[in-house]
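Asker: The structure follows.
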Amino acid sequence: MKRVVILNDLRESDIRPDNVYDRYKELLVHDIKKYFIVPGDLQPVPCQGCGSEKIEKSFFVMGLRYCVCGQCASWYVSPRPSAKQLSLFHKESSACIYLRSNLFEKTQVARTEEIFSYRLQWIRGLVEEYLPDAKVFVDRGSRYPALLSQMVKQKIFQKIALLVPECFEQENLLPQDAEIFRDKIS
C-alpha cells in the first residue's frame, strides 16, 4: 500500500494581509446580523456528527450559538441557517464579496504555492492508489477555482465537472474546459 504524507504547517493566517482580514471580520459581523439573526429564521438541529441532541456546553460567537455535542464532542451551530440562506449569504453578503474580491486576489500566488500544491499532491496520491482509472473529477459547490485550474494544469484528470459552482466573482478563473452544471442538485 502506498502512503501519502502531507506536512503542511502553513496556516491560512500566514498568507493573508491583516488589514484585509480585519475588514472582512467587520463586514461579517454586520452581515451575520443582516442575514441570520432574525427570530424564526434559524432552525434547531441535532449534532451533525452523531445525531445526538445532548449538548455538553454552548457559547455565542457573532450572535450564533455554537454547541459542543455531549455524545461525540463535535462543534456545531444550532439553531442554524438553512442551506438556501447560506447559499444566498455566500453569494450576496458584503463580507463574502469582499473576501473573494480582495483576500483571494491578494493571496492567490501564496495559496497556490503553499496550500494547493500540497492538496494536489494528496489528491494525486489518492487517485494513483485507489482510483488509477479515474478520468473525471466532480466538485460540488466549487469555491476554489484556482485549485481546479492547477488540477487541470497537472493533468490529474481528463475532465472536470462542476456542480452548482459558488465562486461567483472568480468564475473567470474556472478551468475553461470544465463542464458546469448550474441547476440545483440535491
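Quick note on naming: the chains in the C-alpha cells go A, B, ... in the order shown, residues restart at 1 in each chain, and ligands are numbered from 1 in order of appearance.
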Taking 5 positions as the minimum chain separation for residues in the same chain, which residues sit within 12 Å of Phe116 in chain A when counting only C-alpha atoms? Answer as a PyMOL selection string.
Answerer: chain A and resi 6+8+10+12+107-111+121-124+144-151+154
Asker: I need the alpha helix (DSSP H) residues of range 27-89 of chain A per DSSP on the backbone, written as a VMD selection string.
Answerer: chain A and resid 27 to 35 83 to 89
Asker: Please produce a file of the residues just selected, as a compact mmCIF listing (two decimals), in the first residue's frame, where the atoms kept are N, CA, C and O atoms.
Answerer:
# COMPACT_ATOMS: atom_id res chain seq x y z
N LEU A 27 -17.16 43.34 8.30
CA LEU A 27 -18.30 43.13 7.41
C LEU A 27 -19.08 41.88 7.81
O LEU A 27 -20.32 41.85 7.74
N LEU A 28 -18.37 40.86 8.24
CA LEU A 28 -19.00 39.60 8.62
C LEU A 28 -19.95 39.79 9.80
O LEU A 28 -21.08 39.28 9.79
N VAL A 29 -19.53 40.54 10.80
CA VAL A 29 -20.38 40.80 11.97
C VAL A 29 -21.68 41.46 11.52
O VAL A 29 -22.78 41.06 11.91
N HIS A 30 -21.58 42.45 10.65
CA HIS A 30 -22.76 43.15 10.13
C HIS A 30 -23.64 42.21 9.31
O HIS A 30 -24.86 42.18 9.47
N ASP A 31 -23.03 41.42 8.43
CA ASP A 31 -23.80 40.54 7.54
C ASP A 31 -24.48 39.39 8.28
O ASP A 31 -25.58 38.98 7.90
N ILE A 32 -23.86 38.87 9.31
CA ILE A 32 -24.50 37.81 10.09
C ILE A 32 -25.78 38.34 10.71
O ILE A 32 -26.83 37.67 10.67
N LYS A 33 -25.74 39.54 11.25
CA LYS A 33 -26.95 40.15 11.81
C LYS A 33 -28.00 40.36 10.72
O LYS A 33 -29.19 40.12 10.93
N LYS A 34 -27.55 40.81 9.57
CA LYS A 34 -28.46 41.10 8.47
C LYS A 34 -29.12 39.83 7.91
O LYS A 34 -30.31 39.82 7.62
N TYR A 35 -28.34 38.78 7.73
CA TYR A 35 -28.85 37.58 7.05
C TYR A 35 -29.40 36.51 7.99
O TYR A 35 -30.26 35.73 7.59
N ALA A 83 -29.86 25.78 4.18
CA ALA A 83 -28.92 25.72 3.06
C ALA A 83 -29.18 26.87 2.08
O ALA A 83 -28.24 27.46 1.54
N LYS A 84 -30.44 27.21 1.88
CA LYS A 84 -30.80 28.31 0.98
C LYS A 84 -30.28 29.64 1.52
O LYS A 84 -29.73 30.45 0.78
N GLN A 85 -30.44 29.86 2.83
CA GLN A 85 -29.94 31.09 3.46
C GLN A 85 -28.41 31.17 3.35
O GLN A 85 -27.87 32.23 3.06
N LEU A 86 -27.73 30.07 3.59
CA LEU A 86 -26.27 30.05 3.49
C LEU A 86 -25.80 30.33 2.08
O LEU A 86 -24.84 31.07 1.86
N SER A 87 -26.48 29.74 1.10
CA SER A 87 -26.11 29.97 -0.30
C SER A 87 -26.28 31.44 -0.67
O SER A 87 -25.40 32.04 -1.31
N LEU A 88 -27.39 32.03 -0.25
CA LEU A 88 -27.63 33.45 -0.52
C LEU A 88 -26.57 34.30 0.18
O LEU A 88 -26.04 35.25 -0.41
N PHE A 89 -26.23 33.95 1.41
CA PHE A 89 -25.19 34.67 2.16
C PHE A 89 -23.86 34.60 1.42
O PHE A 89 -23.20 35.62 1.22
Asker: Please report the interatomic distance between CA of Gly40 in chain A and CA of Ser58 in chain A in Å with one decimal.
Answerer: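 Between CA of Gly40 in chain A and CA of Ser58 in chain A the gap is 19.6 Å.
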Asker: Check the DSSP output for the backbone and give back, as a list in words, the residues of range 44-186 of chain A in strand (DSSP E).
Answerer: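 Taking range 44-186 of chain A and keeping strand (DSSP E) gives Ile55, Glu56, Lys57, Ser58, Phe59, Phe60, Val61, Leu64, Arg65, Tyr66, Cys67, Val68, Cys69, Trp75, Tyr76, Val77, Val136, Phe137, Val138, Asp139, Arg140, Lys159, Ile160, Ala161, Leu162, Leu163, Glu179, Ile180 and Phe181 of chain A.
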Asker: Would you output that residue set with N, CA, C and O atoms, as a JSON list (two decimals), in the first residue's frame?
Answerer:
[["chain", "number", "residue", "atom", "x", "y", "z"],
["A", 55, "ILE", "N", -26.38, 18.37, 24.53],
["A", 55, "ILE", "CA", -25.39, 19.45, 24.41],
["A", 55, "ILE", "C", -24.59, 19.53, 25.71],
["A", 55, "ILE", "O", -25.17, 19.70, 26.78],
["A", 56, "GLU", "N", -23.28, 19.40, 25.59],
["A", 56, "GLU", "CA", -22.42, 19.48, 26.77],
["A", 56, "GLU", "C", -22.26, 20.92, 27.23],
["A", 56, "GLU", "O", -22.32, 21.23, 28.40],
["A", 57, "LYS", "N", -22.00, 21.80, 26.28],
["A", 57, "LYS", "CA", -21.89, 23.22, 26.57],
["A", 57, "LYS", "C", -22.15, 24.00, 25.29],
["A", 57, "LYS", "O", -22.12, 23.44, 24.20],
["A", 58, "SER", "N", -22.41, 25.30, 25.45],
["A", 58, "SER", "CA", -22.60, 26.14, 24.27],
["A", 58, "SER", "C", -22.09, 27.54, 24.59],
["A", 58, "SER", "O", -21.93, 27.92, 25.74],
["A", 59, "PHE", "N", -21.82, 28.28, 23.52],
["A", 59, "PHE", "CA", -21.34, 29.65, 23.65],
["A", 59, "PHE", "C", -21.71, 30.39, 22.37],
["A", 59, "PHE", "O", -22.05, 29.77, 21.36],
["A", 60, "PHE", "N", -21.66, 31.70, 22.42],
["A", 60, "PHE", "CA", -22.06, 32.52, 21.28],
["A", 60, "PHE", "C", -20.85, 33.19, 20.64],
["A", 60, "PHE", "O", -19.96, 33.68, 21.35],
["A", 61, "VAL", "N", -20.81, 33.19, 19.31],
["A", 61, "VAL", "CA", -19.81, 33.90, 18.54],
["A", 61, "VAL", "C", -20.55, 34.65, 17.44],
["A", 61, "VAL", "O", -21.29, 34.06, 16.66],
["A", 64, "LEU", "N", -24.22, 33.81, 16.87],
["A", 64, "LEU", "CA", -24.63, 32.44, 16.58],
["A", 64, "LEU", "C", -24.23, 31.53, 17.74],
["A", 64, "LEU", "O", -23.14, 31.66, 18.30],
["A", 65, "ARG", "N", -25.11, 30.60, 18.08],
["A", 65, "ARG", "CA", -24.87, 29.69, 19.21],
["A", 65, "ARG", "C", -24.09, 28.46, 18.73],
["A", 65, "ARG", "O", -24.57, 27.70, 17.90],
["A", 66, "TYR", "N", -22.91, 28.29, 19.27],
["A", 66, "TYR", "CA", -22.08, 27.12, 18.99],
["A", 66, "TYR", "C", -22.29, 26.11, 20.11],
["A", 66, "TYR", "O", -22.21, 26.45, 21.28],
["A", 67, "CYS", "N", -22.58, 24.86, 19.73],
["A", 67, "CYS", "CA", -22.82, 23.80, 20.69],
["A", 67, "CYS", "C", -21.69, 22.78, 20.62],
["A", 67, "CYS", "O", -21.12, 22.55, 19.55],
["A", 68, "VAL", "N", -21.41, 22.16, 21.76],
["A", 68, "VAL", "CA", -20.46, 21.04, 21.81],
["A", 68, "VAL", "C", -21.28, 19.82, 22.19],
["A", 68, "VAL", "O", -21.92, 19.78, 23.24],
["A", 69, "CYS", "N", -21.28, 18.83, 21.31],
["A", 69, "CYS", "CA", -22.08, 17.63, 21.49],
["A", 69, "CYS", "C", -21.63, 16.86, 22.74],
["A", 69, "CYS", "O", -20.44, 16.62, 22.92],
["A", 75, "TRP", "N", -18.37, 20.14, 17.36],
["A", 75, "TRP", "CA", -18.86, 21.50, 17.50],
["A", 75, "TRP", "C", -19.79, 21.77, 16.32],
["A", 75, "TRP", "O", -19.48, 21.42, 15.19],
["A", 76, "TYR", "N", -20.91, 22.44, 16.58],
["A", 76, "TYR", "CA", -21.84, 22.77, 15.51],
["A", 76, "TYR", "C", -22.68, 23.98, 15.92],
["A", 76, "TYR", "O", -22.75, 24.32, 17.09],
["A", 77, "VAL", "N", -23.29, 24.62, 14.94],
["A", 77, "VAL", "CA", -24.15, 25.77, 15.19],
["A", 77, "VAL", "C", -25.60, 25.31, 15.23],
["A", 77, "VAL", "O", -26.06, 24.60, 14.34],
["A", 136, "VAL", "N", -12.64, 11.52, -14.47],
["A", 136, "VAL", "CA", -13.42, 12.74, -14.24],
["A", 136, "VAL", "C", -13.37, 13.11, -12.76],
["A", 136, "VAL", "O", -13.54, 12.26, -11.89],
["A", 137, "PHE", "N", -13.15, 14.40, -12.48],
["A", 137, "PHE", "CA", -13.22, 14.94, -11.13],
["A", 137, "PHE", "C", -14.50, 15.74, -11.05],
["A", 137, "PHE", "O", -14.74, 16.62, -11.87],
["A", 138, "VAL", "N", -15.33, 15.46, -10.04],
["A", 138, "VAL", "CA", -16.58, 16.20, -9.84],
["A", 138, "VAL", "C", -16.47, 17.00, -8.56],
["A", 138, "VAL", "O", -16.10, 16.47, -7.51],
["A", 139, "ASP", "N", -16.76, 18.29, -8.65],
["A", 139, "ASP", "CA", -16.70, 19.17, -7.50],
["A", 139, "ASP", "C", -18.05, 19.85, -7.34],
["A", 139, "ASP", "O", -18.54, 20.50, -8.27],
["A", 140, "ARG", "N", -18.67, 19.70, -6.17],
["A", 140, "ARG", "CA", -19.96, 20.33, -5.92],
["A", 140, "ARG", "C", -19.75, 21.58, -5.07],
["A", 140, "ARG", "O", -19.04, 21.56, -4.08],
["A", 159, "LYS", "N", -11.12, 15.23, -17.29],
["A", 159, "LYS", "CA", -12.26, 16.14, -17.35],
["A", 159, "LYS", "C", -12.63, 16.58, -15.93],
["A", 159, "LYS", "O", -12.49, 15.82, -14.98],
["A", 160, "ILE", "N", -13.13, 17.80, -15.83],
["A", 160, "ILE", "CA", -13.61, 18.32, -14.55],
["A", 160, "ILE", "C", -15.06, 18.75, -14.73],
["A", 160, "ILE", "O", -15.39, 19.47, -15.67],
["A", 161, "ALA", "N", -15.92, 18.28, -13.82],
["A", 161, "ALA", "CA", -17.34, 18.64, -13.84],
["A", 161, "ALA", "C", -17.64, 19.40, -12.56],
["A", 161, "ALA", "O", -17.28, 18.96, -11.47],
["A", 162, "LEU", "N", -18.27, 20.54, -12.70],
["A", 162, "LEU", "CA", -18.59, 21.39, -11.55],
["A", 162, "LEU", "C", -20.10, 21.45, -11.38],
["A", 162, "LEU", "O", -20.82, 21.83, -12.30],
["A", 163, "LEU", "N", -20.58, 21.06, -10.20],
["A", 163, "LEU", "CA", -22.00, 21.09, -9.90],
["A", 163, "LEU", "C", -22.29, 22.32, -9.05],
["A", 163, "LEU", "O", -21.75, 22.48, -7.97],
["A", 179, "GLU", "N", -16.87, 21.25, -17.42],
["A", 179, "GLU", "CA", -18.30, 21.17, -17.69],
["A", 179, "GLU", "C", -19.03, 21.66, -16.44],
["A", 179, "GLU", "O", -18.78, 21.17, -15.34],
["A", 180, "ILE", "N", -19.90, 22.65, -16.61],
["A", 180, "ILE", "CA", -20.55, 23.29, -15.46],
["A", 180, "ILE", "C", -22.05, 23.00, -15.48],
["A", 180, "ILE", "O", -22.71, 23.22, -16.49],
["A", 181, "PHE", "N", -22.54, 22.52, -14.36],
["A", 181, "PHE", "CA", -23.97, 22.24, -14.18],
["A", 181, "PHE", "C", -24.48, 23.23, -13.15],
["A", 181, "PHE", "O", -24.12, 23.14, -11.98]]
Asker: Might you pull out every residue within 9 Å of Leu99 in chain A, with only C-alpha atoms counted and same-chain residues fewer than 5 positions away left off, and present them as a list in words?
Answerer: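 My list of contacting residues is Val20, Tyr21, Tyr24, Ser94, Phe104 and Glu105 of chain A.
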Asker: Only N, CA and C atoms, please: the residues just picked out, written as a PDB file, in the first residue's frame.
Answerer:
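The new file again_10.pdb reads:
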ATOM      1  N   VAL A  20      -6.760  43.378   5.423  1.00  0.00           N
ATOM      2  CA  VAL A  20      -7.853  42.850   4.598  1.00  0.00           C
ATOM      3  C   VAL A  20      -8.731  41.927   5.441  1.00  0.00           C
ATOM      4  N   TYR A  21      -8.119  41.087   6.236  1.00  0.00           N
ATOM      5  CA  TYR A  21      -8.881  40.151   7.057  1.00  0.00           C
ATOM      6  C   TYR A  21      -9.666  40.876   8.146  1.00  0.00           C
ATOM      7  N   TYR A  24     -12.735  42.209   6.585  1.00  0.00           N
ATOM      8  CA  TYR A  24     -13.655  41.095   6.339  1.00  0.00           C
ATOM      9  C   TYR A  24     -14.433  40.764   7.621  1.00  0.00           C
ATOM     10  N   SER A  94     -21.918  41.284   1.779  1.00  0.00           N
ATOM     11  CA  SER A  94     -20.778  42.165   1.514  1.00  0.00           C
ATOM     12  C   SER A  94     -19.477  41.544   2.015  1.00  0.00           C
ATOM     13  N   PHE A 104      -8.710  36.771  -1.720  1.00  0.00           N
ATOM     14  CA  PHE A 104      -8.273  35.709  -2.625  1.00  0.00           C
ATOM     15  C   PHE A 104      -7.330  36.243  -3.694  1.00  0.00           C
ATOM     16  N   GLU A 105      -7.645  37.442  -4.189  1.00  0.00           N
ATOM     17  CA  GLU A 105      -6.791  38.037  -5.217  1.00  0.00           C
ATOM     18  C   GLU A 105      -5.387  38.327  -4.669  1.00  0.00           C
TER      19      GLU A 105
END
Asker: To one decimal in Å, tell me the separation between CA of Val45 in chain A and CA of Ser82 in chain A.
Answerer: 10.4 Å
Asker: What does the distance between CA of Ile97 in chain A and CA of Glu171 in chain A come to in Å, to one decimal place?
Answerer: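 Separating CA of Ile97 in chain A from CA of Glu171 in chain A is a distance of 12.8 Å.
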Asker: Calculated over only C-alpha atoms, which of the candidates A:Lys54, A:Val152, A:Glu113, A:His90 has the smallest distance to Lys135 in chain A?
Answerer: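 Comparing A:Lys54, A:Val152, A:Glu113, A:His90 against Lys135 in chain A, the winner is A:Val152.
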Asker: Looking at A:Ile156, A:Cys50, A:Leu103, A:Cys96, which one is nearest to Leu126 in chain A, with distances taken over only C-alpha atoms?
Answerer: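 When distances to Leu126 in chain A are compared using only C-alpha atoms, the smallest one comes from A:Ile156.
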